[in-house]
Amino acid sequence: MRRTMRVALLLWLLCSSAGWADELNTQNALPHNFPSLTAHVYDANALADGYIFLAVATEVQGVGYYLMVLDNDGIPYAYRELPDDYAYDFKVQPNGLLSYAQFIHHHSFIGGGHCVWVLLDHNLDIVEEIRMGNGYIAEAHDFQLLPNGQALVFGYYMSQVDMSRIVQGGHPAAQVSGGVVQELDADRNVIFQWRSWDHYDFADFAFRRATNKTVSAFHLNTIEMDTDGSFFLATPSWVKKIDRQTGQIVYHLGGDENEFTLVGDGADASHFGGHAFGRIANGNVLIYNNGNRQGTTSSSVHEYRLDEENRIAEHVWSFVPQTPIPAWHRGNAQRLPNGNTFIGWGGASGKPIPTCSEVTADGRIVFELYFDNPEVESYRAFRLPFPGHVRGIEVTEYELATGNTYVFADDGGDTGVTIKVIDRTGDGYNEVTVQRMPFSPLYPEFPGKAPRLLPLRFTVSQHGILSISAEIAFDASSLDFAEPEALTVYYRRYPDSGLFLPLATTYNPATQRVRALVSGVGEFVLGYPDVADVPFAPLLHEPQSLRVMDFMANHPESLRADRDYTVNQTLPVSLSWSPAGFARFYHLQVSRDPDFAVLDVDDDSLVEARYVLETVERDTVYHWRVNTYNHGGVGEWSYGSFATVEPAIQLVAPNGGETLSRGLEYFVRWTDNLDEDVEIELYKDHVLVQSIGVAPSDGAYAWEVGLNLEPGDDYTIRIVSTVDGTLADTSDGTFTVE
């Protein structure tokens with residue numbers, strides 16, 4: 001069957017930005033800038049349930065920046081037009097809120113860009129904006145809101161590295177990207193942080209395309225919490241599993257550091273260079289693998305069974321389209337509840353490809369959808385239930401009596417809940433209703449460390465009962481709980497608000513029921529203990545003079561014990577660090593005494609892993625130390641020190657004796673501790689010839705020696721602050737231009 005949707009569709013505008021289908025008004029059409037789509041349903045009976053979630057992710061003349069929820073005919077059920085820029089990764093989160101990445105700055109060195117993660121309710125109204133902490137800015141490729149209300153988010157940071165010492169032709173002041181991952185608690189404080197360059201050495205890293213001013217070393221695509229409390233971090237080159245308790249890498253899958261043996265027909269190391277990676281319900285992992293830019297390799301989807309203990313990856317399933325789809329960027333794959341796989345193909349730079357497809361386990365394509373203009377792309381595509389349509393399973397029992405047991409199941413469905421009434425008060429008619437929703441709770445709070453929740457919530461309400469004590473039981477078999485003996489039932493009085501308290505919970509393996517005693521109605525959830533907090537000493541970063549920050553601001557490297565650090569004594573000083581594992585808050589002490597007998601700073605309640613000393617003494621050595629507090633206790637101190645010095649510039653090259661050829665490019669190099677730009681001047685026989693240029697104070701400037709320069713052996717370079725003309729340095733000797 002072929003079904004087509006064009007621009008004229010039956011919708012009305014809910015407001016200036018959001019629209020909904022209107023069954024009563026059949027005359028209104030979509031906005032003129034809504035992208036047209038064509039849907040093909042090849043086997044309606046084989047389709048999974050749910051709507052299709054897309055977001056325009058390209059700049060196309062005449063096409064608006066739309067988030068859209070579509071039915072199988074390609075007809076929008078809901079949409080929202082964004083005013084300023086396109087979006088990435090429009091999807092439903094475990095608690096039923098929707099999310100997308102709203103760009104605030106696009107990267108030029110890599111795909112994606114800085115963003116704010118926006119949460120929407122089922123009316124597509126904004127309810128929250130989520131940002132990274134500790135001075136980092138979120139990146140648009142992926143974001144996961146966890147069932148317990150916490151969030152996984154990642155971004156990039158830049159480190160200035162002398163790549164000329166590492167690769168031939170490297171830039172001496174290269175900006176090298178690193179990846180930073182954060183877990184945010186329900187209050188959006190950073191409780192875990194992992195930075196790539198805290199675990200790698202620049203000199204030993206396998207760089208590719210490393211001679212530019214900006215070097216893209218990490219291209220993060222996917223982050224996902226695994227079932228054991230660790231998380232997966234995936235790039236186009238590799239997958240890493242990272243231990244949240246310690247921050248250490250558990251293993252490397254794919255790429256140069258691969259630890260796994262690949263087995264099974266069709267197993268291929270290139271499969272692990274995909275754009276999306278995640279654990280699926282059967283315990284395997286699913287990978288979306290892009291094609292190449294040349295179009296000689298098709299995009300594809302692969303499923304592997306991982307033996308993590310023995311480091312074996314067994315290939316068990318693939319879908320490779322018979323007609324190659326050359327989608328070289330973006331994309332994802334999603335395993336659906338009916339066993340089908342939904343594929344968002346990403347983009348092929350204007351080549352006509354499906355936006356998304358649904359395929360069966362035996363490889364039949366049962367659904368495809370296209371943007372009619374192939375220049376229009378969606379970063380990812382999902383088939384998901386629309387939260388506003390989900391009623392869950394709701395069952396009511398009447399006239400509950402003390403001593404009786406009630407199974408909340410009927411022809412409309414089984415909630416999986418049984419309630420045994422131990423005691424109740426209240427005369428006359430009564431009823432109890434149980435509703436099971438396939439979403440985690442909204443706005444959960446927990447005493448102490450939050451558990452890892454299941455994506456389910458149960459609401460118990462009553463009428464005609466003054467008080468009740470009962471045993472509530474959850475059927476582990478019908479609800480498909482893994483390790484039910486490890487579950488704890490949590491309860492709060494008011495749905496969607498307040499503190500969840502743990503209930504004394506038992507598991508009966510004979511009846512396969514998870515049980516708890518309750519003394520009221522309200523909202524119930526189930527969860528596993530999270531990975532335990534262990535208070536390790538934090539990883540200190542190099543102290544820095546605080547400089548003006550832009551979108552790609554430098555973040556310091558890990559502090560090294562064998563180095564002496566200095567800062568500009570006229571500037572504020574930035575101190576920063578990363579937790580090793582979990583952190584709830586930090587204790588920072590700063591002193592001019594190495595024994596910390598007299599303290600300049602003593603703050604034992606820092607939530608952010610950074611601190612700014614607004615002023616420092618001249619020509620002074622400072623000592624600083626930080627420890628971590630978490631639910632496991634207090635960690636050991638980590639120590640650092642730095643000296644304050646005068647503002648200074650020192651020219652490194654050309655510094656005398658060099659020979660430069662006209663028409664060729666050379667680096668002018670220097671060191672400084674300034675905040676302002678510097679000007680680079682060329683002199684011949686002590687006479688100013690020209691201003692070569694104004695540059696940021698980053699230590700290197702690429703200078704093409706002019707063809708019009710007079711040859712000679714009496715040239716020098718002078719570098720001077722653009723703010724203070726007395727801050728300058730000149731070549732120690734002359735160099736030659738030939």
# chains A, B, ... in the order shown; residues from 1 in each chain; ligands from 1

$ residues_around --residues "A:Pro535" --least-positions-apart "2" --cutoff "8 Å" --atoms "only C-alpha atoms" --output "list of chain:residue names"
A:Asp533, A:Ala537, A:Gly581, A:Phe582, A:Ala583, A:Thr628, A:Tyr629, A:Asn630, A:Gly632, A:Gly633, A:Val634, A:Gly635, A:Glu636

$ residues_around --residues "stretch 649-661 of chain A" --least-positions-apart "6" --cutoff "7 Å" --atoms "only C-alpha atoms" --output "ChimeraX atom specification"
/A:668-672,705,727-738

$ closest_residue --among "A:Phe371, A:Phe277, A:Phe474, A:Phe439" --to "A:Val390" --atoms "only C-alpha atoms"
A:Phe439

$ select_by_dssp --residues "stretch 299-465 of chain A" --states "strand (DSSP E or B)" --output "PyMOL selection string"
chain A and resi 300-307+312-319+329+332-335+341-344+347+356-359+365-371+378+382-384+393-398+405-410+413-425+431-437+445+452-453+457-463

$ residues_around --residues "A:Asp410" --least-positions-apart "3" --cutoff "7 Å" --atoms "only C-alpha atoms" --output "VMD selection string"
chain A and resid 395 413 to 414

$ write_last_selection --atoms "N, CA and C atoms" --output "PDB file, in the first residue's frame"
ATOM      1  N   VAL A 395      -7.301  -0.229  36.531  1.00  0.00           N
ATOM      2  CA  VAL A 395      -8.289  -1.203  37.011  1.00  0.00           C
ATOM      3  C   VAL A 395      -8.803  -0.741  38.369  1.00  0.00           C
ATOM      4  N   GLY A 413      -6.826  -5.129  30.831  1.00  0.00           N
ATOM      5  CA  GLY A 413      -5.393  -5.291  31.038  1.00  0.00           C
ATOM      6  C   GLY A 413      -5.066  -5.667  32.461  1.00  0.00           C
ATOM      7  N   ASP A 414      -3.822  -5.996  32.678  1.00  0.00           N
ATOM      8  CA  ASP A 414      -3.330  -6.431  33.977  1.00  0.00           C
ATOM      9  C   ASP A 414      -2.293  -5.421  34.458  1.00  0.00           C
TER      10      ASP A 414
END

$ closest_residue --among "A:Glu646, A:Asp530, A:Asp595, A:Asp423" --to "A:Thr570" --atoms "only C-alpha atoms"
A:Glu646

$ residues_around --residues "A:Tyr494" --least-positions-apart "6" --cutoff "12 Å" --atoms "only C-alpha atoms" --output "ChimeraX atom specification"
/A:441-445,458-461,500-501,520-524

$ write_last_selection --atoms "N, CA and C atoms" --output "PDB file, in the first residue's frame"
ATOM      1  N   PRO A 441       8.620   8.154  37.141  1.00  0.00           N
ATOM      2  CA  PRO A 441       7.908   9.269  37.774  1.00  0.00           C
ATOM      3  C   PRO A 441       8.449  10.625  37.347  1.00  0.00           C
ATOM      4  N   LEU A 442       7.588  11.612  37.455  1.00  0.00           N
ATOM      5  CA  LEU A 442       7.995  12.993  37.226  1.00  0.00           C
ATOM      6  C   LEU A 442       8.543  13.579  38.521  1.00  0.00           C
ATOM      7  N   TYR A 443       9.662  14.293  38.404  1.00  0.00           N
ATOM      8  CA  TYR A 443      10.236  15.065  39.497  1.00  0.00           C
ATOM      9  C   TYR A 443      10.430  14.235  40.775  1.00  0.00           C
ATOM     10  N   PRO A 444      11.085  13.096  40.666  1.00  0.00           N
ATOM     11  CA  PRO A 444      11.294  12.275  41.869  1.00  0.00           C
ATOM     12  C   PRO A 444      12.375  12.863  42.774  1.00  0.00           C
ATOM     13  N   GLU A 445      12.211  12.656  44.056  1.00  0.00           N
ATOM     14  CA  GLU A 445      13.225  12.985  45.057  1.00  0.00           C
ATOM     15  C   GLU A 445      13.402  11.768  45.952  1.00  0.00           C
ATOM     16  N   PHE A 458       3.288   3.417  39.273  1.00  0.00           N
ATOM     17  CA  PHE A 458       1.983   2.901  39.662  1.00  0.00           C
ATOM     18  C   PHE A 458       1.329   3.928  40.583  1.00  0.00           C
ATOM     19  N   THR A 459       0.102   4.276  40.277  1.00  0.00           N
ATOM     20  CA  THR A 459      -0.651   5.198  41.119  1.00  0.00           C
ATOM     21  C   THR A 459      -1.836   4.452  41.714  1.00  0.00           C
ATOM     22  N   VAL A 460      -1.941   4.502  43.032  1.00  0.00           N
ATOM     23  CA  VAL A 460      -3.055   3.884  43.749  1.00  0.00           C
ATOM     24  C   VAL A 460      -3.891   5.008  44.354  1.00  0.00           C
ATOM     25  N   SER A 461      -5.160   5.051  43.994  1.00  0.00           N
ATOM     26  CA  SER A 461      -6.070   6.064  44.532  1.00  0.00           C
ATOM     27  C   SER A 461      -7.291   5.371  45.127  1.00  0.00           C
ATOM     28  N   PHE A 500      10.162  10.327  47.589  1.00  0.00           N
ATOM     29  CA  PHE A 500       9.906   8.895  47.625  1.00  0.00           C
ATOM     30  C   PHE A 500      10.646   8.287  48.815  1.00  0.00           C
ATOM     31  N   LEU A 501       9.941   7.493  49.609  1.00  0.00           N
ATOM     32  CA  LEU A 501      10.557   6.795  50.729  1.00  0.00           C
ATOM     33  C   LEU A 501      10.633   5.306  50.425  1.00  0.00           C
ATOM     34  N   GLY A 520      -0.991   3.737  53.113  1.00  0.00           N
ATOM     35  CA  GLY A 520      -1.696   4.801  52.424  1.00  0.00           C
ATOM     36  C   GLY A 520      -1.645   4.588  50.928  1.00  0.00           C
ATOM     37  N   VAL A 521      -2.358   5.422  50.224  1.00  0.00           N
ATOM     38  CA  VAL A 521      -2.345   5.372  48.767  1.00  0.00           C
ATOM     39  C   VAL A 521      -1.423   6.463  48.252  1.00  0.00           C
ATOM     40  N   GLY A 522      -1.100   6.389  46.965  1.00  0.00           N
ATOM     41  CA  GLY A 522      -0.196   7.360  46.368  1.00  0.00           C
ATOM     42  C   GLY A 522       0.512   6.766  45.171  1.00  0.00           C
ATOM     43  N   GLU A 523       1.769   7.153  44.985  1.00  0.00           N
ATOM     44  CA  GLU A 523       2.547   6.745  43.819  1.00  0.00           C
ATOM     45  C   GLU A 523       3.644   5.778  44.258  1.00  0.00           C
ATOM     46  N   PHE A 524       3.827   4.705  43.462  1.00  0.00           N
ATOM     47  CA  PHE A 524       4.800   3.669  43.773  1.00  0.00           C
ATOM     48  C   PHE A 524       5.725   3.453  42.579  1.00  0.00           C
TER      49      PHE A 524
END

$ closest_residue --among "A:Phe90, A:His141, A:Ser318, A:Gly350" --to "A:His114" --atoms "only C-alpha atoms"
A:His141

$ closest_residue --among "A:Arg452, A:Lys240, A:Arg279, A:Arg195" --to "A:Tyr490" --atoms "only C-alpha atoms"
A:Arg452

$ closest_residue --among "A:Asp84, A:Glu431, A:Glu224, A:Asp604" --to "A:Asn627" --atoms "only C-alpha atoms"
A:Asp604

$ residues_around --residues "stretch 436-438 of chain A" --least-positions-apart "5" --cutoff "8 Å" --atoms "only C-alpha atoms" --output "list in words"
Val390, Arg391, Gly392, Ile393, Glu394, Thr415, Pro455, Leu456, Arg457, Phe458 and Thr459 of chain A

$ residues_around --residues "A:Val421" --least-positions-apart "5" --cutoff "7 Å" --atoms "only C-alpha atoms" --output "list in words"
Ala401, Thr402, Gly403, Asn404, Thr405, Ser469, Ala470 and Glu471 of chain A

$ closest_residue --among "A:Leu152, A:Ile468, A:Val56, A:Leu262" --to "A:Leu37" --atoms "only C-alpha atoms"
A:Val56

$ residues_around --residues "A:Ala476" --least-positions-apart "6" --cutoff "7 Å" --atoms "only C-alpha atoms" --output "PyMOL selection string"
chain A and resi 484+512-514

$ decode --residues "stretch 283-325 of chain A" --atoms "N, CA and C atoms" --output "PDB file, in the first residue's frame"
ATOM      1  N   GLY A 283      19.264  -7.990  25.911  1.00  0.00           N
ATOM      2  CA  GLY A 283      20.607  -8.004  26.470  1.00  0.00           C
ATOM      3  C   GLY A 283      21.704  -7.772  25.462  1.00  0.00           C
ATOM      4  N   ASN A 284      21.386  -7.831  24.178  1.00  0.00           N
ATOM      5  CA  ASN A 284      22.383  -7.567  23.142  1.00  0.00           C
ATOM      6  C   ASN A 284      22.557  -6.061  22.952  1.00  0.00           C
ATOM      7  N   VAL A 285      23.474  -5.696  22.057  1.00  0.00           N
ATOM      8  CA  VAL A 285      23.659  -4.288  21.719  1.00  0.00           C
ATOM      9  C   VAL A 285      23.316  -4.086  20.249  1.00  0.00           C
ATOM     10  N   LEU A 286      22.775  -2.916  19.939  1.00  0.00           N
ATOM     11  CA  LEU A 286      22.356  -2.573  18.583  1.00  0.00           C
ATOM     12  C   LEU A 286      23.156  -1.364  18.129  1.00  0.00           C
ATOM     13  N   ILE A 287      23.640  -1.418  16.888  1.00  0.00           N
ATOM     14  CA  ILE A 287      24.536  -0.388  16.365  1.00  0.00           C
ATOM     15  C   ILE A 287      23.999   0.109  15.035  1.00  0.00           C
ATOM     16  N   TYR A 288      23.907   1.418  14.891  1.00  0.00           N
ATOM     17  CA  TYR A 288      23.672   2.005  13.570  1.00  0.00           C
ATOM     18  C   TYR A 288      25.013   2.440  13.012  1.00  0.00           C
ATOM     19  N   ASN A 289      25.352   1.934  11.827  1.00  0.00           N
ATOM     20  CA  ASN A 289      26.657   2.176  11.219  1.00  0.00           C
ATOM     21  C   ASN A 289      26.467   2.986   9.942  1.00  0.00           C
ATOM     22  N   ASN A 290      27.034   4.183   9.913  1.00  0.00           N
ATOM     23  CA  ASN A 290      26.923   5.027   8.722  1.00  0.00           C
ATOM     24  C   ASN A 290      27.650   4.424   7.532  1.00  0.00           C
ATOM     25  N   GLY A 291      27.200   4.805   6.335  1.00  0.00           N
ATOM     26  CA  GLY A 291      27.982   4.550   5.136  1.00  0.00           C
ATOM     27  C   GLY A 291      29.103   5.570   5.031  1.00  0.00           C
ATOM     28  N   ASN A 292      29.751   5.603   3.877  1.00  0.00           N
ATOM     29  CA  ASN A 292      30.838   6.573   3.711  1.00  0.00           C
ATOM     30  C   ASN A 292      30.400   7.719   2.803  1.00  0.00           C
ATOM     31  N   ARG A 293      31.198   8.776   2.794  1.00  0.00           N
ATOM     32  CA  ARG A 293      30.874   9.962   2.003  1.00  0.00           C
ATOM     33  C   ARG A 293      30.843   9.652   0.513  1.00  0.00           C
ATOM     34  N   GLN A 294      31.682   8.704   0.089  1.00  0.00           N
ATOM     35  CA  GLN A 294      31.782   8.393  -1.336  1.00  0.00           C
ATOM     36  C   GLN A 294      30.574   7.612  -1.843  1.00  0.00           C
ATOM     37  N   GLY A 295      29.759   7.068  -0.930  1.00  0.00           N
ATOM     38  CA  GLY A 295      28.595   6.304  -1.342  1.00  0.00           C
ATOM     39  C   GLY A 295      28.900   4.885  -1.746  1.00  0.00           C
ATOM     40  N   THR A 296      30.113   4.412  -1.508  1.00  0.00           N
ATOM     41  CA  THR A 296      30.478   3.039  -1.886  1.00  0.00           C
ATOM     42  C   THR A 296      30.115   2.030  -0.809  1.00  0.00           C
ATOM     43  N   THR A 297      29.819   2.500   0.401  1.00  0.00           N
ATOM     44  CA  THR A 297      29.409   1.622   1.494  1.00  0.00           C
ATOM     45  C   THR A 297      28.061   2.087   2.011  1.00  0.00           C
ATOM     46  N   SER A 298      27.118   1.155   2.123  1.00  0.00           N
ATOM     47  CA  SER A 298      25.783   1.513   2.589  1.00  0.00           C
ATOM     48  C   SER A 298      25.746   1.627   4.106  1.00  0.00           C
ATOM     49  N   SER A 299      24.879   2.477   4.585  1.00  0.00           N
ATOM     50  CA  SER A 299      24.560   2.474   6.003  1.00  0.00           C
ATOM     51  C   SER A 299      23.872   1.160   6.355  1.00  0.00           C
ATOM     52  N   SER A 300      23.976   0.754   7.622  1.00  0.00           N
ATOM     53  CA  SER A 300      23.488  -0.567   8.012  1.00  0.00           C
ATOM     54  C   SER A 300      23.255  -0.605   9.515  1.00  0.00           C
ATOM     55  N   VAL A 301      22.622  -1.686   9.963  1.00  0.00           N
ATOM     56  CA  VAL A 301      22.333  -1.885  11.380  1.00  0.00           C
ATOM     57  C   VAL A 301      22.824  -3.271  11.774  1.00  0.00           C
ATOM     58  N   HIS A 302      23.427  -3.375  12.973  1.00  0.00           N
ATOM     59  CA  HIS A 302      24.017  -4.641  13.407  1.00  0.00           C
ATOM     60  C   HIS A 302      23.695  -4.893  14.872  1.00  0.00           C
ATOM     61  N   GLU A 303      23.495  -6.167  15.185  1.00  0.00           N
ATOM     62  CA  GLU A 303      23.231  -6.597  16.556  1.00  0.00           C
ATOM     63  C   GLU A 303      24.310  -7.585  16.981  1.00  0.00           C
ATOM     64  N   TYR A 304      24.851  -7.368  18.179  1.00  0.00           N
ATOM     65  CA  TYR A 304      25.898  -8.233  18.722  1.00  0.00           C
ATOM     66  C   TYR A 304      25.526  -8.674  20.134  1.00  0.00           C
ATOM     67  N   ARG A 305      25.948  -9.885  20.464  1.00  0.00           N
ATOM     68  CA  ARG A 305      25.855 -10.392  21.830  1.00  0.00           C
ATOM     69  C   ARG A 305      27.234 -10.259  22.470  1.00  0.00           C
ATOM     70  N   LEU A 306      27.319  -9.554  23.588  1.00  0.00           N
ATOM     71  CA  LEU A 306      28.603  -9.295  24.230  1.00  0.00           C
ATOM     72  C   LEU A 306      28.819 -10.234  25.412  1.00  0.00           C
ATOM     73  N   ASP A 307      29.920 -10.947  25.389  1.00  0.00           N
ATOM     74  CA  ASP A 307      30.421 -11.667  26.556  1.00  0.00           C
ATOM     75  C   ASP A 307      31.480 -10.762  27.169  1.00  0.00           C
ATOM     76  N   GLU A 308      31.048  -9.939  28.118  1.00  0.00           N
ATOM     77  CA  GLU A 308      31.943  -8.917  28.650  1.00  0.00           C
ATOM     78  C   GLU A 308      33.072  -9.513  29.483  1.00  0.00           C
ATOM     79  N   GLU A 309      32.814 -10.623  30.147  1.00  0.00           N
ATOM     80  CA  GLU A 309      33.852 -11.226  30.985  1.00  0.00           C
ATOM     81  C   GLU A 309      34.995 -11.749  30.135  1.00  0.00           C
ATOM     82  N   ASN A 310      34.670 -12.406  29.029  1.00  0.00           N
ATOM     83  CA  ASN A 310      35.699 -12.998  28.168  1.00  0.00           C
ATOM     84  C   ASN A 310      36.036 -12.130  26.968  1.00  0.00           C
ATOM     85  N   ARG A 311      35.420 -10.957  26.876  1.00  0.00           N
ATOM     86  CA  ARG A 311      35.698 -10.001  25.808  1.00  0.00           C
ATOM     87  C   ARG A 311      35.469 -10.634  24.431  1.00  0.00           C
ATOM     88  N   ILE A 312      34.254 -11.165  24.242  1.00  0.00           N
ATOM     89  CA  ILE A 312      33.858 -11.748  22.960  1.00  0.00           C
ATOM     90  C   ILE A 312      32.600 -11.035  22.485  1.00  0.00           C
ATOM     91  N   ALA A 313      32.598 -10.585  21.243  1.00  0.00           N
ATOM     92  CA  ALA A 313      31.436  -9.953  20.625  1.00  0.00           C
ATOM     93  C   ALA A 313      30.959 -10.844  19.488  1.00  0.00           C
ATOM     94  N   GLU A 314      29.749 -11.384  19.638  1.00  0.00           N
ATOM     95  CA  GLU A 314      29.211 -12.324  18.647  1.00  0.00           C
ATOM     96  C   GLU A 314      28.156 -11.629  17.791  1.00  0.00           C
ATOM     97  N   HIS A 315      28.382 -11.623  16.500  1.00  0.00           N
ATOM     98  CA  HIS A 315      27.427 -11.020  15.569  1.00  0.00           C
ATOM     99  C   HIS A 315      26.219 -11.936  15.432  1.00  0.00           C
ATOM    100  N   VAL A 316      25.003 -11.368  15.627  1.00  0.00           N
ATOM    101  CA  VAL A 316      23.794 -12.195  15.574  1.00  0.00           C
ATOM    102  C   VAL A 316      22.780 -11.716  14.540  1.00  0.00           C
ATOM    103  N   TRP A 317      22.871 -10.467  14.074  1.00  0.00           N
ATOM    104  CA  TRP A 317      21.857  -9.979  13.125  1.00  0.00           C
ATOM    105  C   TRP A 317      22.360  -8.713  12.472  1.00  0.00           C
ATOM    106  N   SER A 318      21.964  -8.536  11.221  1.00  0.00           N
ATOM    107  CA  SER A 318      22.260  -7.292  10.505  1.00  0.00           C
ATOM    108  C   SER A 318      21.123  -6.968   9.561  1.00  0.00           C
ATOM    109  N   PHE A 319      20.974  -5.696   9.290  1.00  0.00           N
ATOM    110  CA  PHE A 319      20.150  -5.255   8.168  1.00  0.00           C
ATOM    111  C   PHE A 319      20.999  -4.346   7.296  1.00  0.00           C
ATOM    112  N   VAL A 320      21.230  -4.814   6.077  1.00  0.00           N
ATOM    113  CA  VAL A 320      21.946  -4.031   5.072  1.00  0.00           C
ATOM    114  C   VAL A 320      20.999  -3.890   3.891  1.00  0.00           C
ATOM    115  N   PRO A 321      20.540  -2.700   3.554  1.00  0.00           N
ATOM    116  CA  PRO A 321      19.543  -2.553   2.486  1.00  0.00           C
ATOM    117  C   PRO A 321      20.068  -3.050   1.147  1.00  0.00           C
ATOM    118  N   GLN A 322      19.187  -3.696   0.385  1.00  0.00           N
ATOM    119  CA  GLN A 322      19.587  -4.197  -0.934  1.00  0.00           C
ATOM    120  C   GLN A 322      19.992  -3.060  -1.855  1.00  0.00           C
ATOM    121  N   THR A 323      19.253  -1.966  -1.793  1.00  0.00           N
ATOM    122  CA  THR A 323      19.668  -0.759  -2.506  1.00  0.00           C
ATOM    123  C   THR A 323      20.456   0.097  -1.527  1.00  0.00           C
ATOM    124  N   PRO A 324      21.753   0.273  -1.752  1.00  0.00           N
ATOM    125  CA  PRO A 324      22.581   0.967  -0.758  1.00  0.00           C
ATOM    126  C   PRO A 324      22.032   2.348  -0.407  1.00  0.00           C
ATOM    127  N   ILE A 325      22.121   2.679   0.865  1.00  0.00           N
ATOM    128  CA  ILE A 325      21.722   3.988   1.376  1.00  0.00           C
ATOM    129  C   ILE A 325      22.985   4.688   1.856  1.00  0.00           C
TER     130      ILE A 325
END
